[in-house]
Amino acid sequence: MILCIQMSLAVLYCILWLASPALLRSEFKVAYVTERNVYMCTCAQDPGFCEKMNSSECSSCRNLSVLQSSVQKKHLTVWYTSPLNVALLLNNSEIRHLSLVQCKPADDPVPFEYFTVRRLETLTVTYPIWKPGQSFEVTIGKDRDAAYQEEARIAVIHTSVLTGKTELKSYTVQTKVDRSGMMSFPDIFMSRNVLTEMSRIFVTFLY
């Protein structure tokens with residue numbers, strides 16, 4: 001009996017030893033958005049703020065269309081030099097944890113006021129060029145105790161967040177969505193294809 005237990009423990013130890021590199025290895029999803037290109041990469045380690053992506057660290061880089069239908073990620077870090085293309089890329093996306101890193105000062109304002117991100121839980125914004133070492137982080141819906149799994153929610157992010165803010169503010173309201181996808185806010189529309197059967201939704205405004 002003791003021998004069997006010892007053998008079982010030895011087998012378990014070997015399995016854990018073989019699996020440990022995969023368990024310890026984490027992947028970072030990074031999008032690099034410029035005025036002309038959008039690259040979506042998977043990196044073996046966090047490459048740091050606005051550094052050139054090393055081919056040995058980052059793989060599976062794809063050049064995406066900025067107007068692709070939707071980005072769906074659990075975690076995504078976005079380095080960008082073009083606030084306009086970031087807003088176009090992320091609008092109506094589904095991302096749980098989003099980090100935005102501005103890699104150069106914005107030259108021109110974005111020609112529209114906001115973009116939307118569905119099911120967002122946390123937003124982190126960093127401006128390492130002109131505010132090194134400082135980040136803003138917001139937990140979405142914390143002010144209303146919105147339950148992440150149980151409630152439909154959408155974040156409405158003002159495009160000024162992409163061009164540099166001295167502080168980040170947010171407020172959350174609960175509203176209803178009709179059968180056509182319209183809310184109490186006439187400028188915000190949700191496709192019924194991305195909503196559950198629930199008629200209420202938490203809307204968080206970030207500015």
# chains A, B, ... in the order shown; residues from 1 in each chain; ligands from 1

$ residues_around --residues "range 103-109 of chain A" --least-positions-apart "5" --cutoff "9 Å" --atoms "only C-alpha atoms" --output "list in words"
Phe49, Cys50, Trp79, Tyr80, Thr81, Ser82, Pro83, Leu84, Tyr127, Pro128, Ile129, Trp130, Thr159, Ser160, Leu162, Thr163 and Gly164 of chain A

$ residues_around --residues "Val173 in chain A" --least-positions-apart "6" --cutoff "9 Å" --atoms "only C-alpha atoms" --output "list in words"
Gly141, Arg144, Ile201, Phe202, Val203, Thr204 and Phe205 of chain A

$ closest_residue --among "A:Val125, A:Arg200, A:Gln134, A:Val156" --to "Gln102 in chain A" --atoms "only C-alpha atoms"
A:Val125

$ closest_residue --among "A:Lys29, A:Phe115, A:Lys131, A:Val161" --to "His97 in chain A" --atoms "only C-alpha atoms"
A:Lys29

$ select_by_dssp --residues "range 36-126 of chain A" --states "strand (DSSP E)" --output "PyMOL selection string"
chain A and resi 38-43+58-63+72-80+93-102+114-118+122-126

$ atom_distance --atom1 "CA of Val177 in chain A" --atom2 "CA of Val117 in chain A"
16.4 Å

$ closest_residue --among "A:Leu206, A:Val78, A:Cys58, A:Val101" --to "Val138 in chain A" --atoms "only C-alpha atoms"
A:Leu206

$ atom_distance --atom1 "CA of Phe112 in chain A" --atom2 "CA of Val30 in chain A"
24.7 Å

$ residues_around --residues "Cys43 in chain A" --least-positions-apart "3" --cutoff "7 Å" --atoms "only C-alpha atoms" --output "list in words"
Glu27, Phe28, Lys29, Asp46, Glu57, Cys58 and Ser59 of chain A

$ residues_around --residues "Leu88 in chain A" --least-positions-apart "5" --cutoff "12 Å" --atoms "only C-alpha atoms" --output "ChimeraX atom specification"
/A:33-35,38,64-71,82-83,93,110-117,159,162

$ write_last_selection --atoms "C-alpha atoms" --output "mmCIF file, in the first residue's frame"
data_model
loop_
_atom_site.group_PDB
_atom_site.id
_atom_site.type_symbol
_atom_site.label_atom_id
_atom_site.label_comp_id
_atom_site.auth_asym_id
_atom_site.auth_seq_id
_atom_site.Cartn_x
_atom_site.Cartn_y
_atom_site.Cartn_z
ATOM 1 C CA VAL A 33 -2.080 50.601 -33.706
ATOM 2 C CA THR A 34 -0.470 53.219 -35.945
ATOM 3 C CA GLU A 35 -1.782 55.641 -38.525
ATOM 4 C CA VAL A 38 -2.935 47.483 -36.866
ATOM 5 C CA LEU A 64 -5.768 43.557 -39.138
ATOM 6 C CA SER A 65 -8.201 45.892 -40.787
ATOM 7 C CA VAL A 66 -8.966 48.810 -38.483
ATOM 8 C CA LEU A 67 -12.607 48.516 -39.527
ATOM 9 C CA GLN A 68 -12.939 44.825 -38.726
ATOM 10 C CA SER A 69 -16.308 43.940 -37.224
ATOM 11 C CA SER A 70 -15.333 43.281 -33.597
ATOM 12 C CA VAL A 71 -12.411 42.423 -31.299
ATOM 13 C CA SER A 82 -3.301 56.882 -33.701
ATOM 14 C CA PRO A 83 -6.238 57.560 -31.336
ATOM 15 C CA SER A 93 -15.655 45.178 -29.266
ATOM 16 C CA VAL A 110 -10.702 62.272 -32.999
ATOM 17 C CA PRO A 111 -13.619 63.410 -35.215
ATOM 18 C CA PHE A 112 -16.262 61.678 -33.063
ATOM 19 C CA GLU A 113 -16.971 61.749 -29.347
ATOM 20 C CA TYR A 114 -16.983 58.168 -28.077
ATOM 21 C CA PHE A 115 -16.582 54.460 -28.774
ATOM 22 C CA THR A 116 -18.148 51.503 -26.969
ATOM 23 C CA VAL A 117 -16.715 48.338 -25.423
ATOM 24 C CA THR A 159 -12.304 59.741 -27.183
ATOM 25 C CA LEU A 162 -7.205 58.428 -25.949
#

$ atom_distance --atom1 "CA of Arg36 in chain A" --atom2 "CA of Glu137 in chain A"
28.3 Å

$ select_by_dssp --residues "range 42-140 of chain A" --states "helix (DSSP H, G or I)" --output "PyMOL selection string"
chain A and resi 83-90

$ write_last_selection --atoms "all heavy atoms" --output "compact mmCIF listing (two decimals), in the first residue's frame"
# COMPACT_ATOMS: atom_id res chain seq x y z
N PRO A 83 -4.99 57.69 -32.11
CA PRO A 83 -6.24 57.56 -31.34
C PRO A 83 -7.45 57.26 -32.21
O PRO A 83 -8.33 56.50 -31.82
CB PRO A 83 -6.37 58.93 -30.67
CG PRO A 83 -4.98 59.46 -30.60
CD PRO A 83 -4.31 58.97 -31.84
N LEU A 84 -7.48 57.81 -33.42
CA LEU A 84 -8.61 57.56 -34.31
C LEU A 84 -8.72 56.09 -34.66
O LEU A 84 -9.80 55.49 -34.55
CB LEU A 84 -8.45 58.38 -35.59
CG LEU A 84 -9.46 58.07 -36.72
CD1 LEU A 84 -10.88 58.32 -36.25
CD2 LEU A 84 -9.14 58.87 -37.97
N ASN A 85 -7.62 55.45 -35.03
CA ASN A 85 -7.68 54.04 -35.41
C ASN A 85 -7.97 53.13 -34.22
O ASN A 85 -8.58 52.07 -34.37
CB ASN A 85 -6.38 53.63 -36.10
CG ASN A 85 -6.31 54.14 -37.53
OD1 ASN A 85 -7.31 54.55 -38.10
ND2 ASN A 85 -5.12 54.14 -38.11
N VAL A 86 -7.53 53.54 -33.02
CA VAL A 86 -7.88 52.76 -31.82
C VAL A 86 -9.39 52.79 -31.60
O VAL A 86 -10.02 51.76 -31.34
CB VAL A 86 -7.16 53.31 -30.58
CG1 VAL A 86 -7.70 52.65 -29.30
CG2 VAL A 86 -5.67 53.05 -30.67
N ALA A 87 -9.97 53.97 -31.71
CA ALA A 87 -11.42 54.10 -31.51
C ALA A 87 -12.18 53.29 -32.55
O ALA A 87 -13.17 52.62 -32.23
CB ALA A 87 -11.83 55.57 -31.57
N LEU A 88 -11.72 53.31 -33.79
CA LEU A 88 -12.37 52.54 -34.86
C LEU A 88 -12.23 51.04 -34.62
O LEU A 88 -13.17 50.27 -34.81
CB LEU A 88 -11.79 52.91 -36.22
CG LEU A 88 -12.09 54.33 -36.73
CD1 LEU A 88 -11.30 54.60 -38.01
CD2 LEU A 88 -13.58 54.51 -36.97
N LEU A 89 -11.04 50.62 -34.18
CA LEU A 89 -10.80 49.20 -33.95
C LEU A 89 -11.60 48.65 -32.78
O LEU A 89 -12.17 47.56 -32.85
CB LEU A 89 -9.31 48.97 -33.69
CG LEU A 89 -8.90 47.52 -33.38
CD1 LEU A 89 -9.02 46.65 -34.62
CD2 LEU A 89 -7.48 47.47 -32.82
N LEU A 90 -11.66 49.42 -31.68
CA LEU A 90 -12.28 48.92 -30.45
C LEU A 90 -13.78 49.14 -30.38
O LEU A 90 -14.45 48.55 -29.53
CB LEU A 90 -11.62 49.57 -29.23
CG LEU A 90 -10.14 49.27 -29.02
CD1 LEU A 90 -9.64 49.97 -27.76
CD2 LEU A 90 -9.88 47.77 -28.95
